[in-house]
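Student: Please read through the structure below; I'll follow up with questions.
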Amino acid sequence: MDLAWSATDSAFRDEVRAFLAEKLTPGLRRAGRLMTSVYADHEASMEWQRILHERGWAAPAWPVEYGGCDWSLTQHYIFSRESQLAGAPSLSPMGIRMVAHAIIKFGTDAQKEYFLPRILTGEVFFCQGYSEPEAGSDLAALSMAAIDDGDDLVCTGSKIWTTHAREANWMFALVRTSKTQKKQQGITFVLIDMTSPGLQIRPLVMTSGEEIQNQVFFDEVRVPKSNVLGQIDDGWTVAKYLLEFERGGGAASPALQVMAEEIATAAANQPAPGGGRLLDDAAFARKLADARIRTEVLEILEYRVLAALAGGGHPGPGASMLKVLATELSQSLTELAMEAAGPRGRVYQPHATCPGGPVSEFEPPPDGYVSGEAWQAVAPLRYFNDRAGSIYAGSNEIQRNILAKAALGL
Amino acid sequence: MDFNLSKEQELLRDGLAKFLSTRYDLEKSRAAAKTGTGWQPDIWRGFADELGILGAALPEEVGGIGGGPAEVMVIAEALGHALVVEPYVDTVVVAGGLLRRAGGTLANELLEKIVAGTAVVALAATEPGSGDDWQAVSTVAVRAGDEWLLRGSKVVAMSAPVATHLLVTARTPQGLSLFLVDADWSAIDGHHYRTVDDRRASDLVLDGVRGVLLGEEGQASPSLAQARDEGAAAICAEAVGCMRKVLADTVEYCKQRQQFGQPIGSFQVLQHRMVDMYMEVEQAVAAVYLAVLNLEASPDVRARAVSAAKATIGRAARFVGQQAVQLHGGMGMTEELAIGHYFKRLTALQYEFGSTDYHVARYASLTK
């Protein structure tokens with residue numbers, strides 16, 4: 001038993017650190033630090049992807065022949081950890097980390113040749129069309145119709161919770177090509193050009209005022225069959241593969257560690273209810289210590305899942321557990337940040353932050369005035385947006401269903 | 001990064017688990033705890049002679065195998081799983097560590113006897129006015145030739161009734177010091193009792209009892225702090241063993257127990273409760289690694305990791321223990337099923353070697 005990195009891994013960590021120190025400009029760091037959700041400012045995110053691509057690190061998890069890196073799982077973890085600790089803006093997960101893996105596994109040569117290099121450069125930017133107004137946790141209940149019409153599928157219906165639909169020029173979506181007894185059958189995985197006629201986007205204004213999520217309407221949108229990924233009616237196989245692919249190499253604890261450090265720093269300069277520093281307030285200090293302890297423990301759990309993967313094992317129910325623990329912990333930290341922010345945490349000033357999308361119906365003050373500091377402006381927006389953590393990517397209730405079956409045999 | 005046990009550690013774990021599953025009967029051990037001498041000396045002999053676990057984590061110079069925190073973790077977890085009441089942590093981990101750091105012929109001879117199973121050593125540190133703080137000592141020691149005379153009171157000295165020797169903390173003009181005292185109850189005014197989790201402990205009044213100084217006079221404080229952290233880490237591992245057993249029993253019970261025409265384990269509200277128990281256990285396992293892998297680091301790093309672990313285990317032990325009882329219903333409150341006995345141990349250990357609140361507060365002060 002040993003917690004230390006090997007010499008090779010330590011050298012790799014130093015290499016990553018040096019790269020981050022050199023390439024992360026103040027503007028990019030600001031975009032990373034003042035994020036109001038898991039989504040960084042779009043421009044900053046794409047700029048960072050361009051810089052990473054120059055180095056060949058934009059899509060490290062891809063096979064080397066398509067532009068990935070020949071890294072061990074430990075190295076993937078180190079890269080992810082160091083990027084978060086350095087405050088790098090996050091990259092959009094939909095293209096590089098999601099649909100690309102399905103294209104590599106199920107795509108035709110033409111699809112691979114067209115999409116993969118363009119995903120790497122950012123020329124193609126994907127959004128995800130899974131959820132529908134009547135198909136959330138019960139994803140397989142989706143009903144957006146795709147009617148066979150010669151060389152095309154003609155799609156009618158709507159998708160919801162489409163992150164960055166307006167920034168995207170492509171969507172990967174699940175559509176219903178036939179109605180069968182088993183709802184998982186008859187689904188097809190398609191790639192849709194967002195400039196197709198008949199497609200309309202309605203942004204959803206979130207409680208933070210941000211327009212990152214959208215509802216997308218399809219009125220007889222024609223999708224060439226050459227844009228089907230895998231087989232018609234067999235899209236669930238592709239979707240399941242994608243879900244499984246989200247496993248491993250991910251690290252949530254470093255970002256949570258950074259959040260906790262920032263809260264501690266802030267609390268050292270904020271007054272406590274009964275006088276003195278907030279950091280010395282017994283009730284606050286206890287909650288902060290509890291969150292930090294959970295973060296340290298989560299880090300070990302992440303190492304353990306990683307170690308199992310690196311040894312050729314399967315993450316098993318570990319991935320579901322990490323999702324639940326990390327999102328619930330993140331939500332507690334956003335509560336603490338609100339407490340630390342004090343009265344200024346109630347001021348709505350998104351112009352002092354770097355949100356992941358445009359802000360609706362808000363005029364920033366002409367002189368750019370900010371009440372208090374930027375982190376105090378971030379706190380409430382992050383608190384609102386972070387409610388999503390226990391809802392998205394399989395709600396935490398769904399994850400507990402999975403764990404009951406997979407971990408406890410119930 | 002390596003979370004695998006070595007071949008030797010796996011053998012140690014499997015050998016002990018096999019011994020306990022065939023030889024350590026829950027009912028028999030409860031009977032010994034309640035009505036007999038408080039423990040089963042033949043089990044202790046088996047630990048020494050057949051398994052060699054008493055020396056697994058002690059140095060080779062005293063007849064041990066020279067293992068470390070990882071060996072203690074493996075052993076304590078297995079003991080927790082079988083709800084063993086014999087004083088492994090008190091004698092080998094806590095007293096063993098104090099003796100090792102004290103050094104000298106006397107300490108080494110006693111360590112040899114611990115390895116051989118012929119000496120059982122218990123620490124008497126807690127006092128009526130000390131609360132849970134081992135460093136708050138008002139017992140005094142006065143020099144009398146080669147020996148010292150000790151005056152003061154100790155309470156809840158765990159395992160003292162079954163001990164052959166006591167380690168007693170006392171102040172001298174030089175400061176906090178550690179003394180070896182024979183467990184001679186004709187010289188010590190002792191009251192022996194059972195604890196709620198079926199262990200044995202004593203209150204003692206020392207009125208000029210003879211003791212021998214161990215280590216440097218006035219220099220016991222850092223070693224005591226270390227012993228407390230090592231004891232905390234060991235019972236964290238013990239708790240993991242208890243919790244694994246309790247969770248497995250609860251899941252099994254919920255699969256069998258029929259109500260409303262179906263197993264109660266088919267109800268989602270109970271499934272999610274058990275998943276929350278499972279996640280607490282997994283976090284507890286990770287917390288033990290955190291403590292064990294930092295146990296030989298500098299005092300501050302060690303203290304921070306141990307506090308993180310003990311706080312996590314305290315939270316987990318409370319939740320898992322209470323929910324195990326809840327899901328077993330009324331039967332969970334009886335002594336007829338194992339669950340009730342484990343629940344008592346999971347309750348008591350939350351308060352040993354520093355309570356959950358103490359460790360959260362210490363962690364907070366170390367991370368400020």
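To be explicit about the labels: the chains of the structure tokens are called A, B, and onward in the order shown, and within each one the residues are counted from 1, while ligands get numbers from 1 in the order they are shown.
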Mind listing as JSON, numbers by chain which residues of chain A are within 9 Å of chain B, counting only C-alpha atoms?
Tutor: {"A": [1, 2, 3, 4, 5, 6, 74, 264, 268, 279, 280, 282, 285, 286, 287, 288, 289, 290, 292, 293, 294, 296, 297, 298, 299, 300, 301, 303, 304, 307, 321, 325, 397, 400, 401, 403, 404, 405, 407, 408, 409, 410]}
Student: Residues of region 46-99 of chain B within 10 Å of region 197-207 of chain B: nearest atom pair and distance (Å, one decimal) for each, counting only C-alpha atoms, sorted by chain and number, as CSV?
Tutor:
residue,atom,partner,partner_atom,distance
B:Leu83,CA,B:Asp197,CA,9.7
B:Val84,CA,B:Arg199,CA,9.5
B:Val85,CA,B:Arg199,CA,5.9
B:Glu86,CA,B:Arg199,CA,7.9
B:Pro87,CA,B:Arg199,CA,8.5
Student: Could you write those residues out with N, CA and C atoms, as an mmCIF file, in the first residue's frame?
Tutor:
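As written to disk, selection.cif reads:
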data_model
loop_
_atom_site.group_PDB
_atom_site.id
_atom_site.type_symbol
_atom_site.label_atom_id
_atom_site.label_comp_id
_atom_site.auth_asym_id
_atom_site.auth_seq_id
_atom_site.Cartn_x
_atom_site.Cartn_y
_atom_site.Cartn_z
ATOM 1 N N LEU B 83 -16.415 -9.081 15.967
ATOM 2 C CA LEU B 83 -16.754 -8.429 17.236
ATOM 3 C C LEU B 83 -15.933 -8.996 18.405
ATOM 4 N N VAL B 84 -14.639 -9.049 18.204
ATOM 5 C CA VAL B 84 -13.725 -9.578 19.214
ATOM 6 C C VAL B 84 -13.555 -8.564 20.348
ATOM 7 N N VAL B 85 -13.707 -9.020 21.600
ATOM 8 C CA VAL B 85 -13.561 -8.094 22.735
ATOM 9 C C VAL B 85 -12.159 -8.140 23.347
ATOM 10 N N GLU B 86 -11.356 -9.130 22.957
ATOM 11 C CA GLU B 86 -10.015 -9.235 23.540
ATOM 12 C C GLU B 86 -9.178 -8.011 23.159
ATOM 13 N N PRO B 87 -8.263 -7.599 24.078
ATOM 14 C CA PRO B 87 -7.703 -6.230 24.007
ATOM 15 C C PRO B 87 -6.540 -6.044 23.029
#
Student: Excluding region 92-107 of chain B and any residue of its chain fewer than 6 positions from it, enumerate the residues within 9 Å of it, using only C-alpha atoms, and give them as JSON, numbers by chain.
Tutor: {"B": [54, 55, 57, 58, 59, 72, 114, 115, 120, 121, 122, 123, 166, 167, 178, 180, 214, 215, 216, 220, 223, 224, 226, 227, 228, 230, 231, 234]}
Student: If we count only C-alpha atoms and set the cut-off at 8 Å, which residues sit around Gly68 (chain A), ignoring sequence neighbours fewer than 6 positions away in its own chain? Please answer as a tab-separated table (two decimals) with N, CA and C atoms, in the first residue's frame.
Tutor:
chain	number	residue	atom	x	y	z
A	56	GLY	N	-1.40	18.78	-28.46
A	56	GLY	CA	-1.84	17.39	-28.66
A	56	GLY	C	-2.57	16.83	-27.45
A	57	TRP	N	-3.07	17.74	-26.58
A	57	TRP	CA	-3.70	17.30	-25.32
A	57	TRP	C	-5.20	17.63	-25.27
A	58	ALA	N	-5.80	17.95	-26.41
A	58	ALA	CA	-7.22	18.34	-26.37
A	58	ALA	C	-8.11	17.13	-26.07
A	59	ALA	N	-7.71	15.99	-26.58
A	59	ALA	CA	-8.55	14.79	-26.42
A	59	ALA	C	-7.70	13.60	-25.98
A	60	PRO	N	-7.10	13.71	-24.80
A	60	PRO	CA	-6.13	12.67	-24.39
A	60	PRO	C	-6.72	11.27	-24.34
A	61	ALA	N	-8.03	11.14	-24.10
A	61	ALA	CA	-8.61	9.80	-23.93
A	61	ALA	C	-8.90	9.11	-25.26
A	62	TRP	N	-8.75	9.82	-26.38
A	62	TRP	CA	-8.98	9.18	-27.67
A	62	TRP	C	-7.84	8.22	-28.00
Student: Could you work out how far CA of Thr139 (chain B) lies from CA of Ala163 (chain B), giving the answer in Å with one decimal?
Tutor: 20.3 Å
Student: For Gly80 (chain B), work out the shell of residues within 9 Å, counting only C-alpha atoms and skipping chain neighbours fewer than 6 positions away, then give it as a PyMOL selection string.
Tutor: chain B and resi 235+237-243+245+342
Student: For N, CA and C atoms, I'd like the residues from the last selection saved as a CSV table (one decimal), in the first residue's frame.
Tutor:
chain,number,residue,atom,x,y,z
B,235,ILE,N,-9.0,1.6,15.6
B,235,ILE,CA,-10.5,1.3,15.8
B,235,ILE,C,-11.3,1.8,14.6
B,237,ALA,N,-10.4,1.0,11.6
B,237,ALA,CA,-10.3,-0.2,10.8
B,237,ALA,C,-11.3,-1.2,11.5
B,238,GLU,N,-11.3,-1.3,12.8
B,238,GLU,CA,-12.2,-2.2,13.5
B,238,GLU,C,-13.6,-1.9,13.1
B,239,ALA,N,-13.9,-0.6,13.1
B,239,ALA,CA,-15.3,-0.1,12.8
B,239,ALA,C,-15.7,-0.5,11.4
B,240,VAL,N,-14.8,-0.5,10.5
B,240,VAL,CA,-15.0,-0.9,9.1
B,240,VAL,C,-15.5,-2.4,9.1
B,241,GLY,N,-14.7,-3.2,9.9
B,241,GLY,CA,-15.1,-4.6,10.0
B,241,GLY,C,-16.5,-4.8,10.5
B,242,CYS,N,-16.8,-4.1,11.6
B,242,CYS,CA,-18.2,-4.1,12.2
B,242,CYS,C,-19.2,-3.7,11.1
B,243,MET,N,-18.9,-2.6,10.4
B,243,MET,CA,-20.0,-2.1,9.5
B,243,MET,C,-20.2,-3.0,8.3
B,245,LYS,N,-20.1,-6.2,8.3
B,245,LYS,CA,-20.9,-7.2,8.8
B,245,LYS,C,-22.3,-6.8,9.0
B,342,TYR,N,-23.4,-5.6,17.7
B,342,TYR,CA,-22.6,-4.7,16.9
B,342,TYR,C,-23.0,-3.3,17.0
Student: Enumerate, as a CSV table (one decimal) with C-alpha atoms, in the first residue's frame, the complete set of residues in region 77-253 of chain A that a backbone-based DSSP assignment places in strand (DSSP E).
Tutor:
chain,number,residue,atom,x,y,z
A,126,PHE,CA,-21.7,19.3,-30.6
A,127,CYS,CA,-24.7,19.6,-28.4
A,128,GLN,CA,-26.7,16.6,-27.0
A,129,GLY,CA,-30.3,15.7,-27.9
A,145,ALA,CA,-40.5,10.7,-34.5
A,146,ALA,CA,-38.1,10.0,-37.3
A,147,ILE,CA,-40.0,8.8,-40.4
A,148,ASP,CA,-38.1,6.9,-43.1
A,149,ASP,CA,-38.3,8.8,-46.4
A,152,ASP,CA,-33.5,10.7,-45.2
A,153,LEU,CA,-35.1,10.4,-41.8
A,154,VAL,CA,-37.7,13.1,-41.3
A,155,CYS,CA,-37.7,14.2,-37.7
A,156,THR,CA,-40.5,15.9,-35.8
A,157,GLY,CA,-40.7,16.6,-32.1
A,158,SER,CA,-38.6,18.4,-29.5
A,159,LYS,CA,-35.6,18.0,-27.3
A,160,ILE,CA,-35.0,19.7,-24.0
A,170,TRP,CA,-24.1,19.8,-34.7
A,171,MET,CA,-26.3,17.7,-32.4
A,172,PHE,CA,-26.2,14.0,-31.5
A,173,ALA,CA,-29.7,12.8,-30.8
A,174,LEU,CA,-31.8,9.8,-30.0
A,175,VAL,CA,-34.9,9.6,-32.2
A,176,ARG,CA,-37.7,7.0,-32.5
A,187,ILE,CA,-34.4,4.1,-31.2
A,188,THR,CA,-31.9,5.5,-33.6
A,189,PHE,CA,-28.7,7.5,-32.9
A,190,VAL,CA,-28.4,10.4,-35.4
A,191,LEU,CA,-26.1,13.4,-36.0
A,192,ILE,CA,-28.1,16.5,-36.9
A,193,ASP,CA,-26.8,19.6,-38.7
A,199,LEU,CA,-35.2,23.5,-36.6
A,200,GLN,CA,-35.9,26.1,-34.0
A,201,ILE,CA,-34.2,26.9,-30.7
A,202,ARG,CA,-35.8,28.4,-27.6
A,203,PRO,CA,-33.5,29.3,-24.8
A,214,ASN,CA,-32.5,25.2,-24.5
A,215,GLN,CA,-35.5,23.5,-25.9
A,216,VAL,CA,-35.0,22.6,-29.6
A,217,PHE,CA,-38.0,22.1,-31.9
A,218,PHE,CA,-38.0,19.9,-35.0
A,219,ASP,CA,-40.6,20.3,-37.7
A,220,GLU,CA,-40.0,17.8,-40.4
A,221,VAL,CA,-36.2,18.2,-40.2
A,222,ARG,CA,-34.5,16.0,-42.8
A,223,VAL,CA,-31.5,14.1,-41.6
A,224,PRO,CA,-29.6,12.1,-44.3
A,228,VAL,CA,-27.0,7.7,-38.6
A,229,LEU,CA,-24.5,6.3,-36.2
Student: From the list A:Pro350, A:Gly230, A:Gly275, A:Pro89, which residue is nearest Ala102 (chain A) when using only C-alpha atoms?
Tutor: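 Closest to Ala102 (chain A) of all the choices is A:Gly230.
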Student: Need the shell around Ala352 (chain A): protein/DNA/RNA residues with any atom at most 8 Å away, counting only C-alpha atoms. Skip same-chain ones fewer than 5 positions apart. Format as a list in words?
Tutor: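 In the requested form, the answer reads Val370, Ala374, Ala377 and Val378 of chain A.
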Student: Based on the selection just made, write N, CA and C atoms of those residues as a PDB file, in the first residue's frame.
Tutor:
ATOM      1  N   VAL A 370     -19.235  46.867  -8.983  1.00  0.00           N
ATOM      2  CA  VAL A 370     -19.503  45.576  -8.346  1.00  0.00           C
ATOM      3  C   VAL A 370     -19.550  45.796  -6.841  1.00  0.00           C
ATOM      4  N   ALA A 374     -15.668  39.666  -6.626  1.00  0.00           N
ATOM      5  CA  ALA A 374     -16.228  38.805  -7.677  1.00  0.00           C
ATOM      6  C   ALA A 374     -16.767  37.493  -7.109  1.00  0.00           C
ATOM      7  N   ALA A 377     -20.197  37.632  -6.019  1.00  0.00           N
ATOM      8  CA  ALA A 377     -21.162  37.654  -7.118  1.00  0.00           C
ATOM      9  C   ALA A 377     -21.368  36.245  -7.685  1.00  0.00           C
ATOM     10  N   VAL A 378     -20.308  35.448  -7.651  1.00  0.00           N
ATOM     11  CA  VAL A 378     -20.382  34.076  -8.179  1.00  0.00           C
ATOM     12  C   VAL A 378     -21.250  33.189  -7.274  1.00  0.00           C
TER      13      VAL A 378
END
Student: If we count only C-alpha atoms, what is near Thr353 (chain A) at a cut-off of 12 Å, once residues fewer than 5 positions away on the same chain are taken out, given as a PyMOL selection string?
Tutor: chain A and resi 30-37+40-41+208+210+348+358-359+364+368+370+373-382
Student: Just the number, please: distance in Å from CA of Gln323 (chain B) to CA of Lys310 (chain B), one decimal.
Tutor: 19.5 Å
Student: Give me, please, the distance in Å between CA of Trp134 (chain B) and CA of Ser221 (chain B), quoted to one decimal.
Tutor: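 Atom-to-atom, CA of Trp134 (chain B) to CA of Ser221 (chain B), that is 9.0 Å.
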Student: Determine which residues of region 249-331 of chain A DSSP labels as alpha helix (DSSP H) from the backbone of this structure, then write them out as a CSV table (one decimal) with C-alpha atoms, in the first residue's frame.
Tutor:
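What follows is the written file result12.csv:
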chain,number,residue,atom,x,y,z
A,253,SER,CA,-12.2,16.1,-5.9
A,254,PRO,CA,-9.6,18.6,-7.1
A,255,ALA,CA,-12.2,21.1,-8.1
A,256,LEU,CA,-14.0,20.6,-4.8
A,257,GLN,CA,-10.7,21.1,-3.0
A,258,VAL,CA,-10.2,24.4,-4.8
A,259,MET,CA,-13.7,25.5,-3.9
A,260,ALA,CA,-13.1,24.7,-0.2
A,261,GLU,CA,-9.8,26.6,-0.3
A,262,GLU,CA,-11.5,29.6,-1.8
A,263,ILE,CA,-14.2,29.5,0.8
A,264,ALA,CA,-11.6,29.3,3.6
A,265,THR,CA,-9.7,32.2,2.2
A,266,ALA,CA,-12.9,34.2,1.9
A,267,ALA,CA,-14.1,33.3,5.4
A,282,ALA,CA,-17.4,27.4,15.6
A,283,ALA,CA,-20.5,26.5,13.6
A,284,PHE,CA,-19.1,27.7,10.3
A,285,ALA,CA,-15.6,26.1,10.9
A,286,ARG,CA,-17.3,22.8,11.7
A,287,LYS,CA,-19.3,22.8,8.4
A,288,LEU,CA,-16.2,23.7,6.4
A,289,ALA,CA,-14.1,21.0,8.1
A,290,ASP,CA,-16.8,18.5,7.4
A,291,ALA,CA,-16.8,19.4,3.7
A,292,ARG,CA,-13.1,19.3,3.5
A,293,ILE,CA,-12.9,15.9,5.2
A,294,ARG,CA,-15.5,14.6,2.7
A,295,THR,CA,-13.3,16.0,-0.1
A,296,GLU,CA,-10.2,14.2,1.2
A,297,VAL,CA,-12.1,11.0,1.5
A,298,LEU,CA,-13.6,11.4,-2.0
A,299,GLU,CA,-10.1,11.8,-3.3
A,300,ILE,CA,-9.1,8.4,-1.9
A,301,LEU,CA,-12.3,6.8,-3.3
A,302,GLU,CA,-11.4,8.3,-6.7
A,303,TYR,CA,-7.9,6.9,-6.5
A,304,ARG,CA,-9.3,3.5,-5.6
A,305,VAL,CA,-11.7,3.4,-8.6
A,306,LEU,CA,-8.8,4.5,-10.7
A,307,ALA,CA,-6.5,1.9,-9.3
A,308,ALA,CA,-9.1,-0.8,-10.1
A,309,LEU,CA,-9.3,0.5,-13.6
A,310,ALA,CA,-5.6,0.8,-14.1
A,318,GLY,CA,-18.0,2.9,-8.1
A,319,ALA,CA,-18.9,5.4,-10.9
A,320,SER,CA,-22.5,5.8,-9.6
A,321,MET,CA,-21.3,6.3,-6.0
A,322,LEU,CA,-18.7,8.9,-7.0
A,323,LYS,CA,-21.3,10.8,-9.0
A,324,VAL,CA,-23.7,10.9,-6.0
A,325,LEU,CA,-21.0,11.8,-3.5
A,326,ALA,CA,-19.3,14.5,-5.6
A,327,THR,CA,-22.5,16.3,-6.6
A,328,GLU,CA,-23.9,16.3,-3.1
A,329,LEU,CA,-20.5,17.5,-1.7
A,330,SER,CA,-20.4,20.2,-4.4
A,331,GLN,CA,-23.9,21.4,-3.4
